[in-house]
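Engineer: First, the structure itself, so that you have it in front of you.
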Amino acid sequence: MDDADSGKLKPVGNFDNPSVMGPAGTVHMNLHDLALYLQAHLQGARGLDNILKAKTYATLHSPKPGTRQWLLGRNGYGYGWVFKQDLWGGDGPVIWHNGSNGAWYAIVEIRPKIDTGLILATNAGSEKIMNDVDAALEDLLAFSRRGPK
């Protein structure tokens, strides 16, 4: 069990993935900039040009052939995005990506059909935390569909 799982956090120095992992990610931004990034993708999904052409977003938001089998039943992968069908009916498809450097974890989803982007992030990156954040996202989506109990 690591410190995050026990609830006992300790400060560390500079922490990040090794530079060799750079091509796989190591993107760093604050939450405001991440929200702007998702807004740009949602605009592109609506057919609007912004920092990229709408046609480019259409390419980015399309699963690539053969990736469904690789992802064991998800609906595919393409250019950094994972695709899945909406679990709640009527809001899909869902385009998402997650990432961690072991000290932070974030997951983002865009739902072009309902012009919605979601960001959940935490400053801990253990496997337990990642699973908890993913579960919280599903709870949030369920709540948004049914309203408060």
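Residue numbers start at 1 in each chain; chains themselves are named A, B, ... in the order of the structure tokens; ligands are numbered from 1 in the order shown.
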Among chain A, which ones does DSSP assign to alpha helix (DSSP H) (computed from the backbone)? Answer as a PyMOL selection string.
Structural biologist: chain A and resi 3-6+31-45+54-60+67-70+127-146
Engineer: Name the closest residue to Met130 (chain A) among the candidates A:Leu36, A:Asn14, A:Ser6, A:Trp104; distances are taken between atoms, counting only C-alpha atoms.
Structural biologist: A:Trp104
Engineer: So what do you get for CA of Pro93 (chain A) versus CA of Gly47 (chain A), distance-wise?
Structural biologist: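 Going from CA of Pro93 (chain A) over to CA of Gly47 (chain A), I get 16.1 Å.
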Engineer: For Val27 (chain A), which residue among A:Gly78, A:Gly66, A:Gly44, A:Gly99 is the nearest when counting only C-alpha atoms?
Structural biologist: A:Gly99
Engineer: Where in region 9-149 of chain A does DSSP assign strand (DSSP E or B), given as a PDB file with C-alpha atoms, in the first residue's frame?
Structural biologist:
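Now in result.pdb:
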ATOM      1  CA  TYR A  77      -8.907   4.118 -30.278  1.00  0.00           C
ATOM      2  CA  GLY A  78      -7.550   6.914 -32.405  1.00  0.00           C
ATOM      3  CA  TRP A  81      -8.676   9.231 -27.668  1.00  0.00           C
ATOM      4  CA  VAL A  82     -10.559   6.120 -26.533  1.00  0.00           C
ATOM      5  CA  PHE A  83     -14.105   5.681 -27.804  1.00  0.00           C
ATOM      6  CA  LYS A  84     -17.025   4.024 -26.040  1.00  0.00           C
ATOM      7  CA  VAL A  94     -18.144   9.199 -25.524  1.00  0.00           C
ATOM      8  CA  ILE A  95     -14.568  10.176 -26.327  1.00  0.00           C
ATOM      9  CA  TRP A  96     -12.142  10.025 -23.407  1.00  0.00           C
ATOM     10  CA  HIS A  97      -8.530   9.953 -22.304  1.00  0.00           C
ATOM     11  CA  ASN A  98      -6.836   9.567 -18.955  1.00  0.00           C
ATOM     12  CA  GLY A  99      -3.335   9.862 -17.660  1.00  0.00           C
ATOM     13  CA  SER A 100      -1.070   9.874 -14.665  1.00  0.00           C
ATOM     14  CA  TYR A 105      -4.346  11.556 -12.213  1.00  0.00           C
ATOM     15  CA  ALA A 106      -6.859  13.075 -14.605  1.00  0.00           C
ATOM     16  CA  ILE A 107      -9.593  11.760 -16.854  1.00  0.00           C
ATOM     17  CA  VAL A 108     -11.406  13.817 -19.460  1.00  0.00           C
ATOM     18  CA  GLU A 109     -14.476  12.964 -21.503  1.00  0.00           C
ATOM     19  CA  ILE A 110     -16.152  14.760 -24.332  1.00  0.00           C
ATOM     20  CA  ARG A 111     -19.704  14.013 -25.400  1.00  0.00           C
ATOM     21  CA  THR A 116     -20.446  18.470 -22.853  1.00  0.00           C
ATOM     22  CA  GLY A 117     -16.932  17.988 -21.545  1.00  0.00           C
ATOM     23  CA  LEU A 118     -16.034  16.529 -18.163  1.00  0.00           C
ATOM     24  CA  ILE A 119     -12.770  16.747 -16.219  1.00  0.00           C
ATOM     25  CA  LEU A 120     -11.953  14.914 -13.009  1.00  0.00           C
ATOM     26  CA  ALA A 121      -8.487  15.314 -11.540  1.00  0.00           C
ATOM     27  CA  THR A 122      -6.660  14.569  -8.324  1.00  0.00           C
TER      28      THR A 122
END
Engineer: Please list as an mmCIF file with N, CA and C atoms, in the first residue's frame every residue within 12 Å of region 123-127 of chain A, counting only C-alpha atoms and excluding residues in the same chain fewer than 5 positions away.
Structural biologist:
data_model
loop_
_atom_site.group_PDB
_atom_site.id
_atom_site.type_symbol
_atom_site.label_atom_id
_atom_site.label_comp_id
_atom_site.auth_asym_id
_atom_site.auth_seq_id
_atom_site.Cartn_x
_atom_site.Cartn_y
_atom_site.Cartn_z
ATOM 1 N N MET A 1 0.865 -1.175 0.000
ATOM 2 C CA MET A 1 0.000 0.000 0.000
ATOM 3 C C MET A 1 0.906 1.231 0.000
ATOM 4 N N ASP A 2 0.642 2.167 -0.892
ATOM 5 C CA ASP A 2 1.450 3.379 -0.892
ATOM 6 C C ASP A 2 0.838 4.430 0.023
ATOM 7 N N ASP A 3 1.537 5.544 0.166
ATOM 8 C CA ASP A 3 1.097 6.588 1.097
ATOM 9 C C ASP A 3 -0.278 7.139 0.742
ATOM 10 N N ALA A 4 -0.586 7.270 -0.545
ATOM 11 C CA ALA A 4 -1.891 7.817 -0.938
ATOM 12 C C ALA A 4 -3.019 6.887 -0.512
ATOM 13 N N ASP A 5 -2.801 5.590 -0.612
ATOM 14 C CA ASP A 5 -3.836 4.637 -0.212
ATOM 15 C C ASP A 5 -4.063 4.638 1.291
ATOM 16 N N SER A 6 -3.019 4.904 2.060
ATOM 17 C CA SER A 6 -3.158 4.904 3.517
ATOM 18 C C SER A 6 -3.687 6.232 4.041
ATOM 19 N N GLY A 7 -3.739 7.246 3.190
ATOM 20 C CA GLY A 7 -4.183 8.567 3.632
ATOM 21 C C GLY A 7 -3.064 9.395 4.219
ATOM 22 N N LYS A 8 -1.860 8.878 4.225
ATOM 23 C CA LYS A 8 -0.699 9.600 4.760
ATOM 24 C C LYS A 8 0.153 10.075 3.588
ATOM 25 N N LEU A 9 -0.016 11.329 3.247
ATOM 26 C CA LEU A 9 0.721 11.886 2.118
ATOM 27 C C LEU A 9 2.005 12.519 2.603
ATOM 28 N N LYS A 10 3.027 12.460 1.779
ATOM 29 C CA LYS A 10 4.290 13.092 2.131
ATOM 30 C C LYS A 10 4.783 13.898 0.940
ATOM 31 N N PRO A 11 5.419 15.047 1.222
ATOM 32 C CA PRO A 11 5.927 15.869 0.121
ATOM 33 C C PRO A 11 7.080 15.161 -0.602
ATOM 34 N N VAL A 12 7.165 15.412 -1.892
ATOM 35 C CA VAL A 12 8.267 14.879 -2.686
ATOM 36 C C VAL A 12 8.822 16.005 -3.534
ATOM 37 N N PHE A 15 8.607 15.571 -9.575
ATOM 38 C CA PHE A 15 8.180 14.207 -9.855
ATOM 39 C C PHE A 15 7.495 14.191 -11.204
ATOM 40 N N ASP A 16 7.927 13.314 -12.058
ATOM 41 C CA ASP A 16 7.273 13.163 -13.347
ATOM 42 C C ASP A 16 7.704 11.840 -13.954
ATOM 43 N N ASN A 17 7.026 11.468 -15.015
ATOM 44 C CA ASN A 17 7.435 10.281 -15.750
ATOM 45 C C ASN A 17 8.814 10.511 -16.347
ATOM 46 N N ASN A 30 -2.733 23.428 -16.506
ATOM 47 C CA ASN A 30 -3.638 23.620 -15.372
ATOM 48 C C ASN A 30 -5.065 23.283 -15.814
ATOM 49 N N LEU A 31 -5.978 23.229 -14.852
ATOM 50 C CA LEU A 31 -7.351 22.820 -15.168
ATOM 51 C C LEU A 31 -8.061 23.804 -16.088
ATOM 52 N N ASN A 98 -7.293 9.376 -20.328
ATOM 53 C CA ASN A 98 -6.836 9.567 -18.955
ATOM 54 C C ASN A 98 -5.320 9.512 -18.919
ATOM 55 N N GLY A 99 -4.775 9.919 -17.791
ATOM 56 C CA GLY A 99 -3.335 9.862 -17.660
ATOM 57 C C GLY A 99 -2.876 10.141 -16.249
ATOM 58 N N SER A 100 -1.667 9.679 -15.978
ATOM 59 C CA SER A 100 -1.070 9.874 -14.665
ATOM 60 C C SER A 100 0.440 9.825 -14.797
ATOM 61 N N ASN A 101 1.101 10.527 -13.910
ATOM 62 C CA ASN A 101 2.544 10.383 -13.795
ATOM 63 C C ASN A 101 2.903 9.698 -12.480
ATOM 64 N N GLY A 102 1.920 9.117 -11.824
ATOM 65 C CA GLY A 102 2.131 8.459 -10.544
ATOM 66 C C GLY A 102 1.873 9.372 -9.363
ATOM 67 N N ALA A 103 1.859 10.676 -9.609
ATOM 68 C CA ALA A 103 1.599 11.645 -8.535
ATOM 69 C C ALA A 103 0.300 12.407 -8.768
ATOM 70 N N TRP A 104 -0.184 12.400 -9.978
ATOM 71 C CA TRP A 104 -1.422 13.080 -10.365
ATOM 72 C C TRP A 104 -2.214 12.119 -11.228
ATOM 73 N N TYR A 105 -3.515 12.348 -11.313
ATOM 74 C CA TYR A 105 -4.346 11.556 -12.213
ATOM 75 C C TYR A 105 -5.466 12.444 -12.723
ATOM 76 N N ALA A 106 -5.746 12.333 -14.012
ATOM 77 C CA ALA A 106 -6.859 13.075 -14.605
ATOM 78 C C ALA A 106 -7.530 12.199 -15.652
ATOM 79 N N ILE A 107 -8.829 12.387 -15.779
ATOM 80 C CA ILE A 107 -9.593 11.760 -16.854
ATOM 81 C C ILE A 107 -10.489 12.834 -17.447
ATOM 82 N N ASP A 132 -10.975 5.055 -7.965
ATOM 83 C CA ASP A 132 -11.966 5.879 -7.266
ATOM 84 C C ASP A 132 -12.437 7.043 -8.136
ATOM 85 N N VAL A 133 -11.506 7.689 -8.834
ATOM 86 C CA VAL A 133 -11.872 8.812 -9.706
ATOM 87 C C VAL A 133 -12.737 8.317 -10.864
ATOM 88 N N ASP A 134 -12.370 7.197 -11.464
ATOM 89 C CA ASP A 134 -13.179 6.642 -12.553
ATOM 90 C C ASP A 134 -14.591 6.311 -12.066
#
Engineer: Just the number, please: distance in Å from CA of Leu38 (chain A) to CA of Asp115 (chain A), one decimal.
Structural biologist: 10.2 Å
Engineer: Just the number, please: distance in Å from CA of Gly76 (chain A) to CA of Gly92 (chain A), one decimal.
Structural biologist: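 These two atoms are separated by 13.8 Å.
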